[in-house]
Structure formats: C-alpha cells, structure tokens
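Engineer: See input_25.txt below, with compact mmCIF, C-alpha atoms.
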```txt
# COMPACT_ATOMS: atom_id res chain seq x y z
CA MET A 1 13.47 -28.01 -41.24
CA LYS A 2 13.46 -25.88 -44.39
CA VAL A 3 16.54 -25.49 -46.59
CA MET A 4 17.34 -23.55 -49.75
CA VAL A 5 17.73 -25.88 -52.75
CA GLU A 6 19.94 -24.72 -55.60
CA THR A 7 20.57 -26.26 -59.00
CA SER A 8 24.26 -26.73 -59.64
CA ALA A 9 24.95 -26.75 -63.37
CA ARG A 10 27.93 -28.58 -64.89
CA HIS A 11 31.23 -26.96 -63.94
CA VAL A 12 34.95 -27.47 -63.45
CA HIS A 13 37.22 -26.94 -60.45
CA VAL A 14 40.88 -26.54 -61.43
CA SER A 15 44.19 -26.78 -59.63
CA GLU A 16 46.56 -23.84 -59.80
CA ALA A 17 48.93 -25.79 -62.09
CA ASP A 18 46.12 -26.74 -64.47
CA LEU A 19 44.80 -23.15 -64.51
CA LYS A 20 48.21 -21.95 -65.68
CA ALA A 21 48.49 -24.71 -68.29
CA LEU A 22 45.04 -23.83 -69.67
CA PHE A 23 45.21 -20.02 -69.48
CA GLY A 24 48.90 -19.08 -69.26
CA ALA A 25 51.57 -18.62 -66.62
CA ASP A 26 50.07 -15.44 -65.15
CA ALA A 27 46.46 -16.67 -65.14
CA LYS A 28 44.12 -15.85 -62.28
CA LEU A 29 40.44 -16.68 -61.97
CA THR A 30 38.23 -13.58 -62.12
CA VAL A 31 34.91 -13.35 -60.30
CA LYS A 32 31.78 -13.32 -62.44
CA LYS A 33 29.27 -14.13 -59.68
CA GLU A 34 29.51 -14.94 -55.96
CA LEU A 35 27.92 -18.27 -54.99
CA SER A 36 25.96 -19.19 -51.86
CA GLN A 37 28.94 -20.88 -50.24
CA PRO A 38 31.25 -18.31 -48.62
CA GLY A 39 34.34 -17.57 -50.73
CA GLN A 40 33.09 -19.60 -53.72
CA TYR A 41 32.34 -18.00 -57.08
CA ALA A 42 31.61 -18.62 -60.74
CA SER A 43 34.52 -17.25 -62.72
CA ASN A 44 34.57 -15.60 -66.12
CA GLU A 45 36.94 -18.33 -67.32
CA LYS A 46 35.59 -21.33 -69.24
CA VAL A 47 37.14 -24.48 -70.67
CA GLU A 48 36.11 -27.05 -73.22
CA VAL A 49 35.68 -30.47 -71.61
CA ILE A 50 36.39 -33.18 -74.17
CA GLY A 51 35.31 -36.81 -73.88
CA PRO A 52 35.35 -39.75 -76.31
CA LYS A 53 31.95 -38.85 -77.85
CA GLY A 54 31.71 -35.08 -77.58
CA SER A 55 32.59 -31.88 -75.78
CA LEU A 56 30.93 -29.21 -73.65
CA VAL A 57 32.06 -25.73 -72.66
CA MET A 58 31.92 -25.32 -68.88
CA SER A 59 32.49 -22.54 -66.39
CA ILE A 60 35.26 -22.78 -63.85
CA LEU A 61 34.28 -22.28 -60.20
CA GLY A 62 36.81 -20.63 -57.93
CA PRO A 63 38.96 -20.47 -56.05
CA THR A 64 41.44 -23.06 -57.33
CA ARG A 65 41.53 -26.42 -55.58
CA PRO A 66 44.28 -28.93 -54.81
CA GLU A 67 42.97 -31.24 -57.56
CA THR A 68 41.09 -30.65 -60.81
CA GLN A 69 37.61 -32.15 -61.07
CA VAL A 70 34.70 -31.94 -63.51
CA GLU A 71 31.12 -32.10 -62.18
CA VAL A 72 28.40 -33.05 -64.67
CA ALA A 73 24.82 -34.26 -64.73
CA LEU A 74 24.43 -37.79 -66.06
CA THR A 75 22.93 -36.39 -69.28
CA ASP A 76 26.13 -34.36 -69.77
CA ALA A 77 28.23 -37.45 -69.09
CA ARG A 78 26.40 -39.35 -71.83
CA LYS A 79 27.03 -36.53 -74.31
CA LEU A 80 30.73 -36.62 -73.42
CA GLY A 81 30.82 -40.43 -73.58
CA ILE A 82 32.10 -40.71 -70.02
CA ALA A 83 30.66 -43.07 -67.39
CA ALA A 84 30.72 -40.57 -64.52
CA PRO A 85 30.09 -42.17 -61.13
CA ILE A 86 27.94 -40.45 -58.50
CA ARG A 87 30.35 -39.22 -55.85
CA GLU A 88 30.84 -36.55 -53.24
CA SER A 89 32.96 -33.66 -54.43
CA GLY A 90 36.63 -34.46 -53.92
CA ASP A 91 36.12 -38.26 -53.88
CA LEU A 92 37.97 -38.82 -57.14
CA ASP A 93 39.81 -42.14 -56.75
CA GLY A 94 38.78 -44.56 -59.47
CA THR A 95 36.87 -41.98 -61.51
CA PRO A 96 37.33 -41.44 -65.25
CA GLY A 97 39.30 -38.57 -66.74
CA CYS A 98 38.96 -36.30 -69.76
CA THR A 99 40.74 -33.57 -71.68
CA LEU A 100 40.36 -29.89 -70.79
CA LYS A 101 41.09 -27.28 -73.44
CA GLY A 102 41.72 -23.62 -72.68
CA PRO A 103 43.04 -20.69 -74.69
CA ALA A 104 46.68 -21.44 -73.80
CA GLY A 105 46.74 -25.23 -73.89
CA GLU A 106 45.26 -28.59 -73.01
CA VAL A 107 45.36 -30.71 -69.88
CA VAL A 108 44.56 -34.40 -69.72
CA ILE A 109 43.26 -35.40 -66.30
CA GLU A 110 43.50 -39.11 -65.53
CA LYS A 111 40.64 -38.95 -63.02
CA GLY A 112 38.13 -36.42 -61.76
CA VAL A 113 34.87 -36.61 -63.77
CA ILE A 114 31.90 -37.14 -61.43
CA ALA A 115 28.17 -36.61 -61.12
CA ALA A 116 28.01 -34.90 -57.74
CA LYS A 117 26.02 -36.73 -55.07
CA ARG A 118 23.15 -34.53 -53.93
CA HIS A 119 24.12 -32.86 -50.68
CA ILE A 120 23.32 -30.17 -48.13
CA HIS A 121 25.94 -27.77 -46.82
CA PHE A 122 25.49 -26.61 -43.21
CA ASN A 123 27.74 -24.69 -40.89
CA VAL A 124 28.02 -26.14 -37.38
CA GLU A 125 25.25 -24.01 -35.88
CA GLU A 126 22.84 -24.66 -38.77
CA ALA A 127 23.43 -28.41 -38.54
CA ALA A 128 22.72 -28.38 -34.81
CA ALA A 129 19.50 -26.39 -35.37
CA ALA A 130 18.43 -28.91 -38.05
CA GLY A 131 19.33 -31.85 -35.80
CA VAL A 132 21.72 -33.39 -38.33
CA GLU A 133 25.37 -34.44 -38.34
CA ASP A 134 28.17 -34.52 -40.90
CA LYS A 135 27.81 -37.47 -43.34
CA GLN A 136 24.24 -38.21 -42.20
CA ILE A 137 21.93 -39.25 -45.04
CA VAL A 138 18.55 -37.48 -45.18
CA SER A 139 15.62 -37.02 -47.55
CA VAL A 140 14.40 -33.65 -48.80
CA LYS A 141 10.99 -32.82 -50.28
CA VAL A 142 10.84 -30.17 -53.02
CA GLY A 143 8.27 -28.85 -55.45
CA LYS A 144 4.61 -27.97 -55.32
CA GLU A 145 1.93 -30.44 -54.26
CA GLY A 146 -0.17 -31.54 -57.21
CA GLU A 147 2.55 -30.73 -59.72
CA ARG A 148 5.87 -32.58 -59.69
CA SER A 149 6.84 -32.63 -56.05
CA VAL A 150 9.70 -35.02 -55.37
CA ILE A 151 11.37 -36.44 -52.31
CA PHE A 152 15.09 -36.71 -52.92
CA GLY A 153 16.58 -39.55 -50.89
CA ASP A 154 20.24 -40.26 -50.26
CA VAL A 155 21.11 -36.60 -49.59
CA VAL A 156 24.41 -36.42 -47.75
CA VAL A 157 24.81 -33.76 -45.05
CA ARG A 158 28.14 -31.93 -45.16
CA VAL A 159 29.04 -29.84 -42.12
CA SER A 160 31.88 -27.33 -41.93
CA PRO A 161 32.39 -23.92 -40.31
CA LYS A 162 33.10 -22.69 -43.88
CA TYR A 163 29.62 -23.58 -45.20
CA ALA A 164 26.24 -21.84 -45.39
CA ALA A 165 22.94 -23.74 -45.49
CA ALA A 166 22.12 -24.82 -49.06
CA MET A 167 21.24 -28.07 -50.79
CA HIS A 168 22.76 -28.75 -54.21
CA ILE A 169 21.22 -30.90 -56.93
CA ASP A 170 22.23 -31.19 -60.57
CA THR A 171 20.26 -30.06 -63.62
CA ASP A 172 18.82 -33.53 -64.30
CA GLU A 173 17.42 -33.68 -60.77
CA SER A 174 16.08 -30.14 -60.97
CA ASN A 175 14.38 -30.80 -64.30
CA ALA A 176 12.80 -34.03 -63.00
CA ALA A 177 11.06 -31.99 -60.29
CA ALA A 178 10.26 -29.06 -62.66
CA LEU A 179 12.10 -26.66 -60.37
CA GLY A 180 12.65 -23.12 -61.57
CA GLY A 181 15.79 -21.69 -60.02
CA THR A 182 16.36 -21.67 -56.28
CA VAL A 183 13.50 -23.16 -54.25
CA GLU A 184 12.76 -24.14 -50.68
CA GLY A 185 12.97 -27.76 -49.62
CA GLU A 186 12.04 -29.52 -46.42
CA ILE A 187 14.18 -32.12 -44.70
CA VAL A 188 11.87 -35.05 -44.02
CA LYS A 189 14.59 -37.49 -42.91
```
Starting from the file, lay out its structure as structure tokens.

Structural biologist:
Amino acid sequence: MKVMVETSARHVHVSEADLKALFGADAKLTVKKELSQPGQYASNEKVEVIGPKGSLVMSILGPTRPETQVEVALTDARKLGIAAPIRESGDLDGTPGCTLKGPAGEVVIEKGVIAAKRHIHFNVEEAAAAGVEDKQIVSVKVGKEGERSVIFGDVVVRVSPKYAAAMHIDTDESNAAALGGTVEGEIVK
C-alpha cells in the first residue's frame, strides 16, 4: 500500500485562551496555507518559543485546540534546551513546558513540548483499503533504492473520519532519508 509522506516542520498548536494572550483579545488565526488534513492550515501568525538554552520562531497551525502544544524535531529540542519526549499529538501528560512569546504577551505552558511520533492519518475507508486499524504500528519504506532509502518503523496508524491519507515525519527524519518535500512511501508492515 502506497501512502503520501509529508515532512512536518516544527510548529505550535494554541488554545483559544493562549491565542488571545499572545495576540490580543480579538485575535483570530488567519489562513496562510491549507494542509493535507481537512480543515487544518498553517496560519500567518508566529510565536517565539523560548527554552532554557535558546529560542525559535515557529508557525501556528490552526484551528485552535483545547490545549496548547509545541511540536519539534529532536534537533530543535536540543537548541531550545528541552528534553522533548516522542509522543503522539495530544499526549501531553508528563511533558516539559516552555515560554511562548507573541506580539501582545507571553504564555508559560507547564507541559506540551513533544517530538511527534511518526504517524499515518487515514480516514475509515482508506484504513480498510490498506488493511490497517487505529493504533496499529506499521513500517513504511521511503526514498530511492541505491541512495538513502529508509524503512521507518514504529509508525502509528491514526484513523478518523476527519482524516485524509498522509504520513507525517519530522525534519530530522526527512533529512536522514534525504527526502525532498512530499514523497511516496510504501507500508511494508
């Protein structure tokens, strides 16, 4: 089964309350670019993410979420000085926090910095066609033979009617396989 593999660069998801604290009481996220997942987008708004050793400016992905989280590659985490655990998006208990700085203020989050576990989004029909189930762990081969092809193990399958088929890896993983942009991968289980 073939699947589109996208590189997900460092980004922030913010709650409505944190958006207002960072950008002002009337703040709304504005769409810069639609993403592959239905209803998801990169916004024009950016924040500075501040850790004990450094800071990085990151885009905010919309829409707002119930809880603020910061997704980084492990290289980014080292620059920030934060020991980001590898987790599924939204699994934030026991994770480190950081400071977010926007044009209208700062927010200190007590938890929420993660390196996102590599994953594949499928809607229900796509998952059935691929013969996979929600939370199943698979392997996916990417890259060109004879160059830097890689088999990514420990890829979690995430199934929801809201999703569209796409695998997400971070920039460290993409660079390790010398991938240029969106590529095709093959589930090899």

Engineer: Residues within 12 Å of Lys189 of chain A, please, as a PDB file with C-alpha atoms, in the frame of the given file. Count all atoms listed in the file; anything in the same chain fewer than 5 positions from it doesn't count.

Structural biologist:
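So around22.pdb came out as:
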```pdb
ATOM      1  CA  MET A   1      13.470 -28.010 -41.240  1.00  0.00           C
ATOM      2  CA  LYS A   2      13.460 -25.880 -44.390  1.00  0.00           C
ATOM      3  CA  ALA A 130      18.430 -28.910 -38.050  1.00  0.00           C
ATOM      4  CA  GLY A 131      19.330 -31.850 -35.800  1.00  0.00           C
ATOM      5  CA  VAL A 132      21.720 -33.390 -38.330  1.00  0.00           C
ATOM      6  CA  GLN A 136      24.240 -38.210 -42.200  1.00  0.00           C
ATOM      7  CA  ILE A 137      21.930 -39.250 -45.040  1.00  0.00           C
ATOM      8  CA  VAL A 138      18.550 -37.480 -45.180  1.00  0.00           C
ATOM      9  CA  SER A 139      15.620 -37.020 -47.550  1.00  0.00           C
ATOM     10  CA  VAL A 140      14.400 -33.650 -48.800  1.00  0.00           C
ATOM     11  CA  LYS A 141      10.990 -32.820 -50.280  1.00  0.00           C
ATOM     12  CA  ILE A 151      11.370 -36.440 -52.310  1.00  0.00           C
ATOM     13  CA  PHE A 152      15.090 -36.710 -52.920  1.00  0.00           C
ATOM     14  CA  GLY A 153      16.580 -39.550 -50.890  1.00  0.00           C
ATOM     15  CA  ASP A 154      20.240 -40.260 -50.260  1.00  0.00           C
ATOM     16  CA  VAL A 155      21.110 -36.600 -49.590  1.00  0.00           C
ATOM     17  CA  VAL A 156      24.410 -36.420 -47.750  1.00  0.00           C
ATOM     18  CA  VAL A 157      24.810 -33.760 -45.050  1.00  0.00           C
TER      19      VAL A 157
END
```

Engineer: One number please: atom CA of Thr68 of chain A to atom CA of Val5 of chain A, in Å, one decimal.

Structural biologist: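 That distance, rounded to one decimal, is 25.2 Å.
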
Engineer: If I put a ball of radius 12 Å at (36.4, -36.7, -76.8) in the file's coordinates, which residues poke into it when counting all atoms listed in the file, written as a list in words?

Structural biologist: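 The requested residues, written out, are Glu48, Val49, Ile50, Gly51, Pro52, Lys53, Gly54, Ser55, Leu56, Ala77, Arg78, Lys79, Leu80, Gly81, Ile82, Gly97, Cys98, Thr99, Leu100, Lys101 and Val108 of chain A.
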
Engineer: Write the residues of the selection above to a file with C-alpha atoms, as a CSV table (one decimal), keeping the file's coordinate frame.

Structural biologist:
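Final file, part_17.csv:
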```csv
chain,number,residue,atom,x,y,z
A,48,GLU,CA,36.1,-27.0,-73.2
A,49,VAL,CA,35.7,-30.5,-71.6
A,50,ILE,CA,36.4,-33.2,-74.2
A,51,GLY,CA,35.3,-36.8,-73.9
A,52,PRO,CA,35.4,-39.8,-76.3
A,53,LYS,CA,32.0,-38.8,-77.8
A,54,GLY,CA,31.7,-35.1,-77.6
A,55,SER,CA,32.6,-31.9,-75.8
A,56,LEU,CA,30.9,-29.2,-73.6
A,77,ALA,CA,28.2,-37.4,-69.1
A,78,ARG,CA,26.4,-39.4,-71.8
A,79,LYS,CA,27.0,-36.5,-74.3
A,80,LEU,CA,30.7,-36.6,-73.4
A,81,GLY,CA,30.8,-40.4,-73.6
A,82,ILE,CA,32.1,-40.7,-70.0
A,97,GLY,CA,39.3,-38.6,-66.7
A,98,CYS,CA,39.0,-36.3,-69.8
A,99,THR,CA,40.7,-33.6,-71.7
A,100,LEU,CA,40.4,-29.9,-70.8
A,101,LYS,CA,41.1,-27.3,-73.4
A,108,VAL,CA,44.6,-34.4,-69.7
```

Engineer: Which of these, A:Asn123, A:Ser36, A:Thr95, A:Ser59, has the shortest distance to Val159 of chain A once you count all atoms listed in the file?

Structural biologist: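 Among the listed residues, the smallest separation from Val159 of chain A belongs to A:Asn123.
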
Engineer: Would you pick out the contacts of Gly90 of chain A at 10 Å or less, using all atoms listed in the file, so that residues sharing its chain but fewer than 3 positions from it are not included, and give the list as a PyMOL selection string?

Structural biologist: chain A and resi 13+65-69+87+93+112+114+116

Engineer: Would you compute the distance between atom CA of Gly181 of chain A and atom CA of Glu133 of chain A? Give it in Å to one decimal.

Structural biologist: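 Between these atoms lies a distance of 26.9 Å.
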
Engineer: My list of candidates is A:Leu22, A:Pro85, A:Val12, A:Val107. Which is closest to Leu61 of chain A when distances are computed with all atoms listed in the file?

Structural biologist: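 The closest residue to Leu61 of chain A is A:Val12.
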
Engineer: For Val47 of chain A, list every protein, DNA or RNA residue within 6 Å, evaluated using all atoms listed in the file, and leave out those in the same chain fewer than 4 positions away; present the list as a ChimeraX atom specification.

Structural biologist: /A:57-58,101-102

Engineer: So that I can check the surroundings of Pro63 of chain A, please list as an MDAnalysis selection string every protein, DNA and RNA residue that reaches within 9 Å of it, counting all atoms listed in the file and ignoring chain neighbours fewer than 4 positions away.

Structural biologist: chainID A and resid 13:15 29 39:43

Engineer: Each side padded by 3 Å, which centre and which edge lengths in Å (one decimal) define the axis-aligned box around the listed atoms of segment 155-173 of chain A? Give them as lines of an AutoDock Vina configuration file.

Structural biologist:
```
center_x = 25.3
center_y = -29.2
center_z = -52.3
size_x = 21.7
size_y = 20.8
size_z = 30.0
```

Engineer: Kindly indicate which residue among A:Asn44, A:Thr7, A:Thr64, A:Ser89 lies nearest to Thr171 of chain A, using all atoms listed in the file for the distances.

Structural biologist: A:Thr7

Engineer: Could you please determine the separation between atom CA of Leu92 of chain A and atom CA of Lys162 of chain A in Å, to one decimal place?

Structural biologist: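 Atom-to-atom, atom CA of Leu92 of chain A and atom CA of Lys162 of chain A are spaced 21.4 Å apart.
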
Engineer: Nearest to Ala165 of chain A: which of A:Ile120, A:Ala129, A:Val142, A:Val72 is it, counting only C-alpha atoms?

Structural biologist: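 Ranked by minimum distance to Ala165 of chain A, first place goes to A:Ile120.
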
Engineer: Which residue out of A:Glu126, A:Glu16, A:Glu34, A:Glu88 has the minimum interatomic distance to Glu71 of chain A when all atoms listed in the file are used?

Structural biologist: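 With all atoms listed in the file as the atom set, the closest residue is A:Glu88.
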
Engineer: Which one of A:Ala104, A:Ala178, A:Leu19, A:Val113 sits closest to Ile60 of chain A if you count only C-alpha atoms?

Structural biologist: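 The shortest atom-to-atom distance to Ile60 of chain A comes from A:Leu19.
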
Engineer: With only C-alpha atoms as the counted atoms, please give the residues lying no more than 8 Å from Asp172 of chain A, apart from itself and same-chain residues fewer than 4 positions off, as number ranges by chain.

Structural biologist: A: 73-75, 176
